[in-house]
Structures are given as C-alpha cells and as structure tokens.
file work-v3.txt (compact mmCIF, C-alpha atoms)
# COMPACT_ATOMS: atom_id res chain seq x y z
CA MET A 1 17.57 23.18 -13.60
CA ASN A 2 17.74 19.92 -15.54
CA THR A 3 14.44 19.47 -17.42
CA ASN A 4 13.42 16.31 -19.29
CA HIS A 5 10.30 15.55 -21.27
CA VAL A 6 8.58 12.17 -21.16
CA GLU A 7 5.29 11.03 -22.59
CA THR A 8 4.24 9.44 -19.31
CA LEU A 9 5.85 10.01 -15.93
CA ILE A 10 5.00 7.43 -13.26
CA ILE A 11 5.62 8.61 -9.71
CA GLY A 12 6.36 5.64 -7.46
CA ALA A 13 8.19 2.35 -8.16
CA GLY A 14 6.15 0.06 -5.95
CA GLN A 15 3.89 -2.69 -7.25
CA ALA A 16 1.41 -0.17 -8.71
CA GLY A 17 4.01 1.89 -10.56
CA LEU A 18 5.94 -1.08 -11.89
CA SER A 19 2.72 -2.75 -13.08
CA THR A 20 1.76 0.43 -14.93
CA GLY A 21 5.17 0.49 -16.58
CA TYR A 22 4.83 -3.18 -17.57
CA HIS A 23 1.50 -2.56 -19.30
CA LEU A 24 2.72 0.59 -21.04
CA ARG A 25 5.77 -1.31 -22.30
CA ARG A 26 3.47 -4.00 -23.73
CA LEU A 27 1.42 -1.29 -25.44
CA GLY A 28 4.53 0.27 -26.94
CA ARG A 29 4.25 3.59 -25.10
CA PRO A 30 7.31 5.31 -23.59
CA PHE A 31 7.45 6.18 -19.91
CA LEU A 32 9.75 6.90 -17.00
CA ILE A 33 9.26 5.79 -13.39
CA VAL A 34 10.72 7.90 -10.57
CA ASP A 35 10.92 6.90 -6.92
CA ALA A 36 12.19 8.66 -3.80
CA HIS A 37 13.87 5.58 -2.31
CA ASP A 38 17.46 4.57 -2.94
CA GLN A 39 16.52 1.17 -4.30
CA ILE A 40 13.44 -0.45 -5.81
CA GLY A 41 11.59 -2.31 -3.06
CA ASP A 42 12.86 -0.17 -0.17
CA VAL A 43 9.31 0.65 0.86
CA TRP A 44 9.05 -3.05 1.81
CA ARG A 45 12.56 -3.42 3.24
CA ARG A 46 11.84 -0.68 5.79
CA ARG A 47 8.85 -2.41 7.36
CA TRP A 48 9.07 -4.40 10.61
CA ASP A 49 11.59 -7.24 10.70
CA SER A 50 9.22 -10.20 10.90
CA LEU A 51 6.64 -8.92 8.42
CA ARG A 52 5.31 -11.43 5.95
CA LEU A 53 2.68 -10.69 3.36
CA PHE A 54 -0.80 -11.50 4.56
CA THR A 55 -1.63 -13.42 1.40
CA PRO A 56 0.08 -16.52 -0.07
CA ALA A 57 2.71 -16.19 -2.80
CA ARG A 58 0.36 -17.41 -5.53
CA TYR A 59 -1.63 -14.18 -5.04
CA ASP A 60 1.42 -11.91 -4.73
CA ALA A 61 2.62 -11.85 -8.33
CA LEU A 62 2.59 -8.89 -10.69
CA PRO A 63 1.53 -9.38 -14.34
CA GLY A 64 3.92 -11.44 -16.42
CA MET A 65 6.09 -12.86 -13.63
CA ALA A 66 5.23 -15.50 -11.02
CA PHE A 67 6.37 -14.98 -7.47
CA PRO A 68 9.43 -17.22 -6.91
CA ASP A 69 8.19 -19.15 -3.89
CA HIS A 70 5.91 -22.03 -2.98
CA GLY A 71 2.33 -21.14 -3.82
CA PHE A 72 1.10 -21.16 -0.22
CA ALA A 73 4.21 -19.74 1.41
CA PHE A 74 3.88 -16.26 2.89
CA PRO A 75 6.72 -14.14 1.44
CA THR A 76 8.83 -12.02 3.75
CA LYS A 77 9.07 -8.28 3.24
CA ASP A 78 12.60 -8.68 1.87
CA GLN A 79 11.49 -11.36 -0.60
CA MET A 80 8.82 -8.98 -1.84
CA ALA A 81 11.36 -6.16 -2.16
CA ASP A 82 13.76 -8.38 -4.11
CA TYR A 83 10.90 -9.54 -6.33
CA LEU A 84 10.07 -5.94 -7.27
CA GLN A 85 13.73 -5.26 -8.08
CA ALA A 86 13.92 -8.40 -10.23
CA TYR A 87 10.63 -7.50 -11.93
CA ALA A 88 11.93 -4.10 -13.03
CA GLU A 89 15.13 -5.69 -14.35
CA ARG A 90 13.38 -8.53 -16.19
CA PHE A 91 11.06 -6.23 -18.11
CA GLN A 92 13.67 -3.47 -18.50
CA LEU A 93 11.45 -0.87 -16.88
CA ASP A 94 12.99 2.59 -16.91
CA VAL A 95 13.36 3.65 -13.27
CA GLN A 96 15.19 6.54 -11.65
CA THR A 97 15.57 6.13 -7.88
CA GLY A 98 16.50 8.81 -5.38
CA VAL A 99 14.06 11.25 -7.02
CA ARG A 100 11.70 12.82 -4.50
CA VAL A 101 8.85 14.75 -6.11
CA ASP A 102 8.14 18.13 -4.53
CA ALA A 103 5.31 19.40 -6.72
CA LEU A 104 3.02 18.42 -9.57
CA THR A 105 1.37 21.23 -11.52
CA ARG A 106 -0.64 21.50 -14.71
CA THR A 107 0.60 23.54 -17.66
CA ASP A 108 -0.80 24.53 -21.05
CA GLU A 109 1.23 21.74 -22.64
CA GLY A 110 0.62 19.04 -20.02
CA PHE A 111 2.24 18.64 -16.61
CA LEU A 112 5.30 19.91 -14.78
CA VAL A 113 6.94 17.89 -12.00
CA ASP A 114 9.51 19.48 -9.70
CA ALA A 115 11.91 17.09 -7.96
CA GLY A 116 14.74 18.91 -6.22
CA ALA A 117 17.18 20.12 -8.87
CA ARG A 118 15.28 18.25 -11.59
CA GLN A 119 12.18 19.06 -13.57
CA TYR A 120 10.12 16.79 -15.77
CA THR A 121 7.47 17.76 -18.28
CA ALA A 122 4.98 15.10 -19.31
CA ASP A 123 1.86 14.57 -21.38
CA ASN A 124 0.58 12.11 -18.78
CA VAL A 125 1.31 11.63 -15.09
CA VAL A 126 0.47 8.53 -13.07
CA VAL A 127 0.58 9.06 -9.32
CA ALA A 128 1.41 5.52 -8.20
CA MET A 129 2.34 6.25 -4.59
CA GLY A 130 -0.92 4.85 -3.24
CA ASN A 131 -2.68 6.49 -0.33
CA GLN A 132 -0.51 5.12 2.47
CA GLN A 133 2.28 7.68 2.56
CA GLN A 134 2.16 9.43 5.94
CA PRO A 135 1.47 7.87 9.36
CA LYS A 136 -1.95 8.76 10.73
CA LEU A 137 -2.14 9.54 14.44
CA PRO A 138 -5.04 10.87 16.52
CA GLU A 139 -4.55 14.35 17.96
CA PHE A 140 -4.63 13.01 21.51
CA ALA A 141 -1.43 11.03 20.88
CA ALA A 142 0.45 14.19 21.91
CA ASP A 143 -1.28 14.11 25.32
CA LEU A 144 0.20 10.76 26.35
CA SER A 145 2.76 10.83 29.14
CA PRO A 146 6.33 11.32 27.91
CA ALA A 147 7.20 8.23 29.95
CA ILE A 148 5.25 6.11 27.43
CA THR A 149 7.21 4.89 24.41
CA GLN A 150 5.21 5.59 21.25
CA LEU A 151 5.80 4.12 17.79
CA HIS A 152 3.72 4.09 14.65
CA SER A 153 3.77 0.76 12.80
CA ILE A 154 5.83 2.41 10.04
CA ALA A 155 8.66 2.91 12.55
CA TYR A 156 8.23 -0.40 14.40
CA ARG A 157 10.94 -2.97 13.67
CA ASN A 158 11.02 -5.44 16.57
CA PRO A 159 10.23 -5.77 20.32
CA SER A 160 13.64 -4.43 21.36
CA GLN A 161 12.46 -0.90 20.57
CA LEU A 162 9.98 -1.00 23.44
CA GLN A 163 10.53 -0.75 27.17
CA PRO A 164 9.45 -3.55 29.55
CA GLY A 165 5.84 -3.62 30.68
CA THR A 166 2.48 -3.34 28.96
CA VAL A 167 2.07 -2.57 25.26
CA LEU A 168 -1.16 -1.06 23.97
CA VAL A 169 -1.50 -1.76 20.24
CA VAL A 170 -4.03 0.73 18.87
CA GLY A 171 -5.74 -0.71 15.82
CA ALA A 172 -7.02 -4.24 15.39
CA GLY A 173 -6.54 -4.78 11.66
CA ASN A 174 -3.98 -7.08 10.06
CA SER A 175 -0.95 -5.02 11.10
CA GLY A 176 -2.19 -4.57 14.66
CA ALA A 177 -2.95 -8.27 15.04
CA GLU A 178 0.40 -9.39 13.62
CA ILE A 179 2.45 -6.93 15.70
CA GLY A 180 0.41 -7.73 18.80
CA LEU A 181 1.02 -11.44 18.33
CA GLU A 182 4.77 -10.88 18.01
CA LEU A 183 4.96 -8.60 21.05
CA ALA A 184 3.02 -11.10 23.19
CA ARG A 185 6.19 -13.21 23.37
CA THR A 186 7.99 -10.53 25.37
CA HIS A 187 5.33 -8.17 26.75
CA LYS A 188 1.84 -8.01 28.14
CA VAL A 189 -0.22 -6.87 25.15
CA VAL A 190 -3.61 -5.19 24.80
CA VAL A 191 -4.95 -4.73 21.27
CA ALA A 192 -7.55 -1.97 21.16
CA GLY A 193 -9.84 -1.39 18.24
CA ARG A 194 -12.97 -2.30 16.38
CA ASP A 195 -13.34 -5.97 15.47
CA THR A 196 -12.72 -5.96 11.72
CA GLY A 197 -13.80 -9.59 11.30
CA HIS A 198 -11.67 -12.43 10.00
CA LEU A 199 -11.69 -15.17 7.39
CA PRO A 200 -13.71 -18.15 8.67
CA PHE A 201 -10.91 -20.56 7.73
CA ARG A 202 -7.14 -20.86 8.03
CA ILE A 203 -5.61 -19.24 4.96
CA ALA A 204 -2.77 -21.82 5.00
CA GLY A 205 -5.02 -24.85 5.67
CA TRP A 206 -5.85 -27.54 3.14
CA PRO A 207 -9.48 -26.43 2.53
CA SER A 208 -8.06 -23.00 1.71
CA ARG A 209 -5.40 -24.43 -0.60
CA LEU A 210 -7.92 -26.55 -2.45
CA LEU A 211 -10.70 -23.98 -2.88
CA LEU A 212 -11.51 -21.45 -0.18
CA SER A 213 -8.64 -19.00 -0.73
CA ARG A 214 -9.46 -18.80 -4.43
CA VAL A 215 -13.13 -18.13 -3.65
CA VAL A 216 -12.33 -15.35 -1.18
CA LEU A 217 -9.25 -13.71 -2.67
CA ARG A 218 -9.98 -14.08 -6.38
CA LEU A 219 -13.78 -14.10 -6.49
CA VAL A 220 -15.02 -12.11 -3.49
CA PHE A 221 -12.20 -9.59 -2.96
CA HIS A 222 -11.19 -9.27 -6.62
CA ARG A 223 -14.52 -9.40 -8.47
CA LEU A 224 -17.57 -9.29 -6.23
CA LEU A 225 -16.46 -6.45 -3.94
CA SER A 226 -15.84 -3.84 -6.63
CA VAL A 227 -17.23 -0.44 -7.55
CA ALA A 228 -19.18 -2.18 -10.32
CA THR A 229 -21.49 -3.99 -7.86
CA PRO A 230 -23.93 -2.63 -5.24
CA ILE A 231 -22.39 -4.77 -2.50
CA GLY A 232 -18.95 -3.62 -3.57
CA ARG A 233 -19.85 0.06 -3.39
CA LYS A 234 -21.22 -0.51 0.10
CA ALA A 235 -18.01 -2.32 1.07
CA GLN A 236 -15.95 0.52 -0.38
CA ALA A 237 -17.62 3.04 1.91
CA ALA A 238 -17.03 0.76 4.90
CA ALA A 239 -13.41 0.11 3.92
CA HIS A 240 -12.59 3.81 3.92
CA SER A 241 -13.78 4.10 7.53
CA GLY A 242 -12.05 1.02 8.93
CA GLY A 243 -9.69 -1.86 8.27
CA GLY A 244 -10.42 -5.04 6.37
CA PRO A 245 -10.86 -8.50 7.86
CA LEU A 246 -7.94 -10.40 9.37
CA ILE A 247 -6.55 -12.69 6.69
CA ARG A 248 -3.82 -14.76 8.32
CA THR A 249 -4.14 -14.09 12.06
CA ARG A 250 -7.19 -15.47 13.83
CA PRO A 251 -8.76 -14.17 17.07
CA ARG A 252 -8.19 -17.54 18.74
CA GLU A 253 -4.45 -17.26 18.08
CA LEU A 254 -4.37 -13.88 19.77
CA ALA A 255 -6.24 -15.21 22.79
CA GLU A 256 -3.98 -18.26 23.06
CA ALA A 257 -0.92 -15.97 23.00
CA GLY A 258 -2.32 -13.98 25.92
CA VAL A 259 -3.28 -10.91 23.91
CA VAL A 260 -6.15 -9.00 25.52
CA ARG A 261 -8.73 -7.55 23.14
CA ALA A 262 -10.26 -4.22 24.11
CA PRO A 263 -12.48 -1.46 22.66
CA LYS A 264 -10.91 1.31 20.64
CA MET A 265 -8.88 4.08 22.25
CA VAL A 266 -10.81 7.34 22.46
CA GLY A 267 -8.64 9.70 24.47
CA VAL A 268 -6.13 10.33 27.23
CA GLN A 269 -6.60 10.79 30.97
CA ASP A 270 -3.74 11.87 33.20
CA GLY A 271 -1.32 10.90 30.47
CA LEU A 272 -2.71 7.37 30.05
CA PRO A 273 -4.81 5.87 27.23
CA VAL A 274 -8.58 5.76 27.72
CA LEU A 275 -10.73 3.20 25.90
CA ALA A 276 -14.32 3.50 24.69
CA ASP A 277 -15.62 1.60 27.72
CA GLY A 278 -13.97 4.07 30.11
CA GLN A 279 -11.08 1.77 30.97
CA VAL A 280 -7.75 3.48 31.60
CA VAL A 281 -4.78 1.39 30.43
CA ALA A 282 -1.55 1.62 32.42
CA ALA A 283 0.52 1.31 29.25
CA ASP A 284 4.29 1.58 29.15
CA ASN A 285 4.28 1.51 25.36
CA VAL A 286 1.82 2.40 22.60
CA VAL A 287 2.16 1.07 19.06
CA TRP A 288 -0.09 2.95 16.67
CA CYS A 289 -1.49 0.68 13.93
CA THR A 290 -3.88 3.41 12.86
CA GLY A 291 -3.11 3.54 9.17
CA TYR A 292 -1.86 6.29 6.93
CA GLU A 293 -2.81 9.58 5.35
CA PRO A 294 -2.58 9.87 1.55
CA GLY A 295 0.05 12.61 1.60
CA PHE A 296 -0.94 14.22 -1.73
CA SER A 297 -0.29 17.81 -0.62
CA TRP A 298 2.33 18.13 -3.37
CA VAL A 299 -0.35 17.61 -6.04
CA ASN A 300 -0.99 21.26 -6.94
CA ILE A 301 -4.01 20.49 -9.09
CA PRO A 302 -7.55 20.87 -7.63
CA VAL A 303 -8.54 17.20 -7.76
CA LEU A 304 -8.61 16.37 -4.06
CA ASP A 305 -11.66 16.00 -1.83
CA GLY A 306 -9.90 16.81 1.40
CA VAL A 307 -6.87 14.52 1.12
CA THR A 308 -8.36 11.94 -1.26
CA PRO A 309 -8.22 12.29 -5.07
CA ARG A 310 -11.41 12.32 -7.11
CA HIS A 311 -11.14 9.60 -9.72
CA GLU A 312 -13.07 6.98 -11.66
CA ARG A 313 -11.14 3.70 -11.46
CA GLY A 314 -7.89 5.65 -11.47
CA MET A 315 -8.78 8.15 -14.18
CA VAL A 316 -9.41 11.83 -13.42
CA PRO A 317 -12.00 12.95 -16.02
CA GLU A 318 -11.68 16.63 -15.12
CA VAL A 319 -7.93 16.59 -15.79
CA PRO A 320 -7.15 14.55 -18.92
CA GLY A 321 -3.76 12.90 -18.65
CA LEU A 322 -3.74 12.61 -14.85
CA TYR A 323 -4.12 9.18 -13.28
CA PHE A 324 -3.83 7.51 -9.90
CA THR A 325 -3.08 3.89 -9.15
CA GLY A 326 -2.32 1.92 -6.02
CA LEU A 327 -5.21 3.55 -4.15
CA HIS A 328 -7.11 1.69 -1.46
CA PHE A 329 -10.26 0.20 -3.07
CA GLN A 330 -9.43 1.95 -6.34
CA TYR A 331 -11.63 -0.52 -8.19
CA ALA A 332 -12.09 -3.46 -5.83
CA PHE A 333 -11.21 -4.60 -2.34
CA SER A 334 -8.19 -6.33 -3.88
CA SER A 335 -6.79 -2.98 -5.07
CA GLY A 336 -5.04 -2.73 -1.73
CA MET A 337 -3.33 -6.09 -2.33
CA VAL A 338 -0.54 -7.03 -4.71
CA GLN A 339 -2.91 -9.09 -6.84
CA GLY A 340 -5.09 -6.05 -7.53
CA ALA A 341 -2.26 -3.75 -8.59
CA GLY A 342 -1.82 -5.33 -12.02
CA ARG A 343 -5.47 -5.09 -13.02
CA ASP A 344 -5.82 -1.47 -11.91
CA ALA A 345 -2.58 -0.58 -13.71
CA ASP A 346 -3.77 -2.29 -16.89
CA ARG A 347 -6.87 -0.10 -16.99
CA VAL A 348 -4.81 3.06 -16.48
CA ALA A 349 -2.23 2.06 -19.13
CA LYS A 350 -4.95 1.39 -21.71
CA ALA A 351 -6.48 4.80 -21.02
CA ILE A 352 -3.07 6.41 -21.58
CA ALA A 353 -2.51 4.46 -24.80
CA ALA A 354 -5.89 5.65 -26.08
CA ARG A 355 -4.82 9.30 -25.79
CA PRO A 356 -3.20 10.97 -28.79
CA VAL A 357 0.43 12.01 -28.47
CA THR A 358 0.33 15.76 -27.96
CA ALA A 359 4.04 16.56 -27.73
CA PRO A 360 7.24 15.26 -29.29
CA ILE A 361 8.95 12.50 -27.37
CA HIS A 362 12.50 13.21 -26.27
CA GLN A 363 12.78 10.39 -23.79
CA GLY A 364 15.77 8.11 -24.11
CA ARG A 365 16.59 4.95 -22.25
CA VAL A 366 17.27 5.61 -18.59
CA PRO A 367 19.52 3.16 -16.70
CA LEU A 368 17.66 1.07 -14.15
CA ALA A 369 17.96 2.13 -10.53
CA SER A 370 20.08 5.14 -11.46
CA LYS A 371 20.14 8.36 -9.48

call {"tool": "encode", "arguments": {"input": "work-v3.txt", "output": "structure tokens"}}
result
Amino acid sequence: MNTNHVETLIIGAGQAGLSTGYHLRRLGRPFLIVDAHDQIGDVWRRRWDSLRLFTPARYDALPGMAFPDHGFAFPTKDQMADYLQAYAERFQLDVQTGVRVDALTRTDEGFLVDAGARQYTADNVVVAMGNQQQPKLPEFAADLSPAITQLHSIAYRNPSQLQPGTVLVVGAGNSGAEIGLELARTHKVVVAGRDTGHLPFRIAGWPSRLLLSRVVLRLVFHRLLSVATPIGRKAQAAAHSGGGPLIRTRPRELAEAGVVRAPKMVGVQDGLPVLADGQVVAADNVVWCTGYEPGFSWVNIPVLDGVTPRHERGMVPEVPGLYFTGLHFQYAFSSGMVQGAGRDADRVAKAIAARPVTAPIHQGRVPLASK
C-alpha cells in the first residue's frame, strides 16, 4: 500500500475543489487534489451533447481567471471542461486524476483516505464532490414497462438514444426544460413536474445585459438568498425540496415548441406513468430529470443527517479539519452555480489556514493530471 501524507487533501477537481486549491495556494498552504476522472473537467464533458451553462460567461469564472468567452455567451459543456483544465494548469494546482476514493476515516493523527491501492493521511480533508454524485430515481421507476426506454439526465446525450414516439420528461427544472426543448424537435414531449418559476426577463436580452442579470445573479442569488438572511434561510429549505427557477428557458418557449406541461409523476399504472391529476401517459420514453443523491456513503465519519452532511458554511465544527464545499445552497443560492464556488472555497481555505499545523509535511510537487 502506497501511503502519502499531505496537509490538506481535496477530494474532487471540479470548480469547488480547484477553487479551494487556488485559495490555499494564495495562503501559502500545501495541498493535493485527487479526482476519480481521467482528466480535469470530465464531469462536464460527460453531460448531454448540447448542454450549455444556464448562466452567461461573465458569471462562470473561478477566482483569478476570467472565462475566455464573450460576457453574455453561454459556454458549452466542453468549453467549461477546458476552462477547468486550463485553470489548474495556470495556477499550478497539484492534481492527481484517476484516483477514486473508497473510504474516509478519522484517526488519532487526522484523517485516512483509502483510494484503491493508495492511501493518504491528512491533517485536513475537503470533500469537494458536491452533493450531485448519484442519480436519484423514484422507487416506482422499476415498475415501468420494459418497453419504455428510460434514461436519467446523467446518461442522456442526444435524441438518438430514444425510440420514436412520446417522451415524458420527469422534472421541470432547468435540466428538464432544456432537454424537453431539445427533444421537441424530434418527439412529442410532455414535461411533468412542479412549476419552479422562472426569471421574469430574458437572461440574454439587453435589459438583462445592462442591469437585470447583475441584480438577480449577483445581488439576489449571491447575497440576499443566503443562510445569513431570514429570506435566505427560508429559500434554503425550499431549495432542498425542489429545483430553482428556470434561468435561460422560458415557459413560452416550451409552449411554442409544442412541449406539453403536466403535473408531477406520482406512480405507475399497468406499466405506464401516472401523473398527480390521475392522467396516464402513454410514454414510449422517460427521461428522469429528478436530480441526484449526495453519495457520501464512503465518508465513514458520523457527520451525516441521512445522506446530507452537517456543516456550517462548509465547516464541520464537531470534526475539526473536515470540510465540505460545492454543496447545494452551502452558503447561498449561488453555491450551486460556478460563481458561488469561489466564495465558498475562500471561506473554507481561510478556516484551514487558521488551523495550526499538527503533523510534519512530506508533500512534494505532484505532476498535474497524473495518475
């Protein structure tokens, strides 16, 4: 077993993990980032083919490096992936890819991380994998007829994966709306789910460019709707039970494309989806846009309430040295967006830097994107 000691081990090389590394580098503290994917940014590359970020490029930058695109362009998934790769290279962030963590445990000296044939010991661990790791499906998904093609949004790539006929998209948030709009070009589409609301203006329109996007994305989502405000704490509770408002897609666009809106799916009858109003949908395909489970079962430290970690803005007071970042509504509504990752990571990095060094540092430079 190959064991290495690092002062801070960051698990996950997405926007949250890289931002944490950036801030630790600025504070002069050593760290290592490990990621299960073969290449930095692969978590974005593996999303559906036509995916673009829901927010304009000016709000998609990590600290210290502007996004290399027009301010109101919507970056593609591959542009975002390449940006993350370039970010790690520019700031010389120490990343090991191809390292899948199997277990995190607490020891008398700090923490032990098992990752296949490797082990890491660390004074601090930052779990930067977010809480969108495993597809979430209702139990009744297994009761659908085997003749129905089923895909979760994590496995959806393009319309060619589906058979001809009707597609029921379950979930009416941003992903459900965007996928439903794309599928409407080739299929009859029904989008089922609670109305999550939408921005009252076009995110790419001139009023948005001049003022409105800044008010909503930087003021409301980033500052007003936070755990520090009463309205933010109320929004946090609501956000954990449902999706956020549609940012780029508008209900009128769905209607004009022929997408039928319907109540949420509540069960299965004779192998077919049943909606909350009793309607049975003769679906040939079902695309589940029902979100994700956190997937923290490998965290062998009693800090989870069910599947969600207990934390205060990313810090775990009951376990000094353990941190989370990249969580949905970790501090504000914007925590789930690229623009919120840097601020949350900054807070976590400063907390780490404030801790005394409790063990000698044996970490050397690790080649970027090495296995």

call {"tool": "closest_residue", "arguments": {"input": "work-v3.txt", "among": "A:Phe91, A:Trp298, A:Phe333, A:Tyr83", "to": "Arg45 of chain A", "atoms": "all atoms listed in the file"}}
result
A:Tyr83

call {"tool": "atom_distance", "arguments": {"input": "work-v3.txt", "atom1": "atom CA of Asp82 of chain A", "atom2": "atom CA of Ile154 of chain A"}}
result
19.5 Å

call {"tool": "closest_residue", "arguments": {"input": "work-v3.txt", "among": "A:Thr55, A:Ser145, A:Ser19, A:Thr3", "to": "Arg343 of chain A", "atoms": "all atoms listed in the file"}}
result
A:Ser19

call {"tool": "residues_around", "arguments": {"input": "work-v3.txt", "residues": "Gly244 of chain A", "least_positions_apart": "4", "cutoff": "12 Å", "atoms": "all atoms listed in the file", "output": "JSON, numbers by chain"}}
result
{"A": [54, 171, 172, 173, 174, 175, 176, 177, 194, 195, 196, 197, 198, 199, 221, 235, 236, 237, 238, 239, 240, 248, 291, 328, 329, 333, 334, 336, 337]}

call {"tool": "closest_residue", "arguments": {"input": "work-v3.txt", "among": "A:Lys264, A:Tyr120, A:Ala73, A:Asp60", "to": "Gln279 of chain A", "atoms": "all atoms listed in the file"}}
result
A:Lys264

call {"tool": "atom_distance", "arguments": {"input": "work-v3.txt", "atom1": "atom CA of Tyr331 of chain A", "atom2": "atom CA of Gln39 of chain A"}}
result
28.5 Å

call {"tool": "closest_atom_pairs", "arguments": {"input": "work-v3.txt", "of": "segment 48-74 of chain A", "to": "segment 20-31 of chain A", "cutoff": "10 Å", "atoms": "only C-alpha atoms", "output": "tab-separated table"}}
result
residue	atom	partner	partner_atom	distance
A:Leu62	CA	A:Tyr22	CA	9.2
A:Pro63	CA	A:Tyr22	CA	7.7
A:Gly64	CA	A:Tyr22	CA	8.4

call {"tool": "write_last_selection", "arguments": {"input": "work-v3.txt", "atoms": "C-alpha atoms", "output": "mmCIF file, in the frame of the given file"}}
result
data_model
loop_
_atom_site.group_PDB
_atom_site.id
_atom_site.type_symbol
_atom_site.label_atom_id
_atom_site.label_comp_id
_atom_site.auth_asym_id
_atom_site.auth_seq_id
_atom_site.Cartn_x
_atom_site.Cartn_y
_atom_site.Cartn_z
ATOM 1 C CA LEU A 62 2.590 -8.890 -10.690
ATOM 2 C CA PRO A 63 1.530 -9.380 -14.340
ATOM 3 C CA GLY A 64 3.920 -11.440 -16.420
#

call {"tool": "atom_distance", "arguments": {"input": "work-v3.txt", "atom1": "atom CA of Glu312 of chain A", "atom2": "atom CA of Thr325 of chain A"}}
result
10.8 Å

call {"tool": "closest_residue", "arguments": {"input": "work-v3.txt", "among": "A:Ala16, A:Ile203, A:Ala61, A:Ala192", "to": "Val280 of chain A", "atoms": "only C-alpha atoms"}}
result
A:Ala192

call {"tool": "closest_residue", "arguments": {"input": "work-v3.txt", "among": "A:Thr107, A:Ser226, A:Thr8, A:Gln96", "to": "Val125 of chain A", "atoms": "all atoms listed in the file"}}
result
A:Thr8

call {"tool": "residues_around", "arguments": {"input": "work-v3.txt", "residues": "Thr105 of chain A", "least_positions_apart": "4", "cutoff": "6 Å", "atoms": "all atoms listed in the file", "output": "list of chain:residue names"}}
result
A:Phe111, A:Leu112, A:Asn300, A:Ile301

call {"tool": "closest_residue", "arguments": {"input": "work-v3.txt", "among": "A:Gln161, A:Gln92, A:Gln330, A:Thr149", "to": "Ala228 of chain A", "atoms": "all atoms listed in the file"}}
result
A:Gln330

call {"tool": "decode", "arguments": {"input": "work-v3.txt", "residues": "segment 218-239 of chain A", "atoms": "N, CA and C atoms", "output": "mmCIF file, in the first residue's frame"}}
result
data_model
loop_
_atom_site.group_PDB
_atom_site.id
_atom_site.type_symbol
_atom_site.label_atom_id
_atom_site.label_comp_id
_atom_site.auth_asym_id
_atom_site.auth_seq_id
_atom_site.Cartn_x
_atom_site.Cartn_y
_atom_site.Cartn_z
ATOM 1 N N ARG A 218 -26.062 38.355 -9.041
ATOM 2 C CA ARG A 218 -25.045 38.809 -8.097
ATOM 3 C C ARG A 218 -25.618 39.334 -6.786
ATOM 4 N N LEU A 219 -26.783 39.963 -6.851
ATOM 5 C CA LEU A 219 -27.369 40.516 -5.626
ATOM 6 C C LEU A 219 -28.325 39.524 -4.968
ATOM 7 N N VAL A 220 -29.352 39.089 -5.709
ATOM 8 C CA VAL A 220 -30.366 38.223 -5.111
ATOM 9 C C VAL A 220 -29.807 36.832 -4.822
ATOM 10 N N PHE A 221 -29.299 36.139 -5.849
ATOM 11 C CA PHE A 221 -28.847 34.762 -5.670
ATOM 12 C C PHE A 221 -27.573 34.671 -4.834
ATOM 13 N N HIS A 222 -26.700 35.674 -4.944
ATOM 14 C CA HIS A 222 -25.372 35.581 -4.338
ATOM 15 C C HIS A 222 -25.324 36.189 -2.931
ATOM 16 N N ARG A 223 -26.157 37.179 -2.671
ATOM 17 C CA ARG A 223 -26.067 37.889 -1.390
ATOM 18 C C ARG A 223 -27.353 37.845 -0.574
ATOM 19 N N LEU A 224 -28.478 38.134 -1.216
ATOM 20 C CA LEU A 224 -29.726 38.196 -0.463
ATOM 21 C C LEU A 224 -30.180 36.807 -0.021
ATOM 22 N N LEU A 225 -30.178 35.848 -0.938
ATOM 23 C CA LEU A 225 -30.631 34.499 -0.599
ATOM 24 C C LEU A 225 -29.455 33.689 -0.051
ATOM 25 N N SER A 226 -29.119 33.949 1.205
ATOM 26 C CA SER A 226 -28.024 33.248 1.869
ATOM 27 C C SER A 226 -28.478 32.823 3.258
ATOM 28 N N VAL A 227 -27.679 31.969 3.896
ATOM 29 C CA VAL A 227 -28.029 31.499 5.234
ATOM 30 C C VAL A 227 -27.908 32.616 6.262
ATOM 31 N N ALA A 228 -27.376 33.758 5.865
ATOM 32 C CA ALA A 228 -27.222 34.883 6.783
ATOM 33 C C ALA A 228 -28.471 35.758 6.852
ATOM 34 N N THR A 229 -29.470 35.501 6.001
ATOM 35 C CA THR A 229 -30.680 36.320 5.988
ATOM 36 C C THR A 229 -31.908 35.447 6.237
ATOM 37 N N PRO A 230 -32.947 35.994 6.873
ATOM 38 C CA PRO A 230 -34.175 35.206 7.093
ATOM 39 C C PRO A 230 -34.785 34.698 5.791
ATOM 40 N N ILE A 231 -34.845 35.558 4.765
ATOM 41 C CA ILE A 231 -35.427 35.122 3.497
ATOM 42 C C ILE A 231 -34.556 34.062 2.839
ATOM 43 N N GLY A 232 -33.250 34.154 3.053
ATOM 44 C CA GLY A 232 -32.350 33.153 2.507
ATOM 45 C C GLY A 232 -32.517 31.803 3.169
ATOM 46 N N ARG A 233 -32.677 31.796 4.488
ATOM 47 C CA ARG A 233 -32.863 30.521 5.184
ATOM 48 C C ARG A 233 -34.181 29.866 4.771
ATOM 49 N N LYS A 234 -35.183 30.676 4.519
ATOM 50 C CA LYS A 234 -36.452 30.133 4.022
ATOM 51 C C LYS A 234 -36.275 29.563 2.622
ATOM 52 N N ALA A 235 -35.515 30.265 1.787
ATOM 53 C CA ALA A 235 -35.256 29.793 0.422
ATOM 54 C C ALA A 235 -34.422 28.526 0.430
ATOM 55 N N GLN A 236 -33.515 28.413 1.406
ATOM 56 C CA GLN A 236 -32.679 27.220 1.504
ATOM 57 C C GLN A 236 -33.538 25.988 1.761
ATOM 58 N N ALA A 237 -34.488 26.112 2.665
ATOM 59 C CA ALA A 237 -35.373 24.982 2.955
ATOM 60 C C ALA A 237 -36.179 24.597 1.724
ATOM 61 N N ALA A 238 -36.651 25.599 0.979
ATOM 62 C CA ALA A 238 -37.426 25.320 -0.234
ATOM 63 C C ALA A 238 -36.551 24.710 -1.316
ATOM 64 N N ALA A 239 -35.301 25.166 -1.417
ATOM 65 C CA ALA A 239 -34.399 24.676 -2.463
ATOM 66 C C ALA A 239 -34.065 23.208 -2.276
#
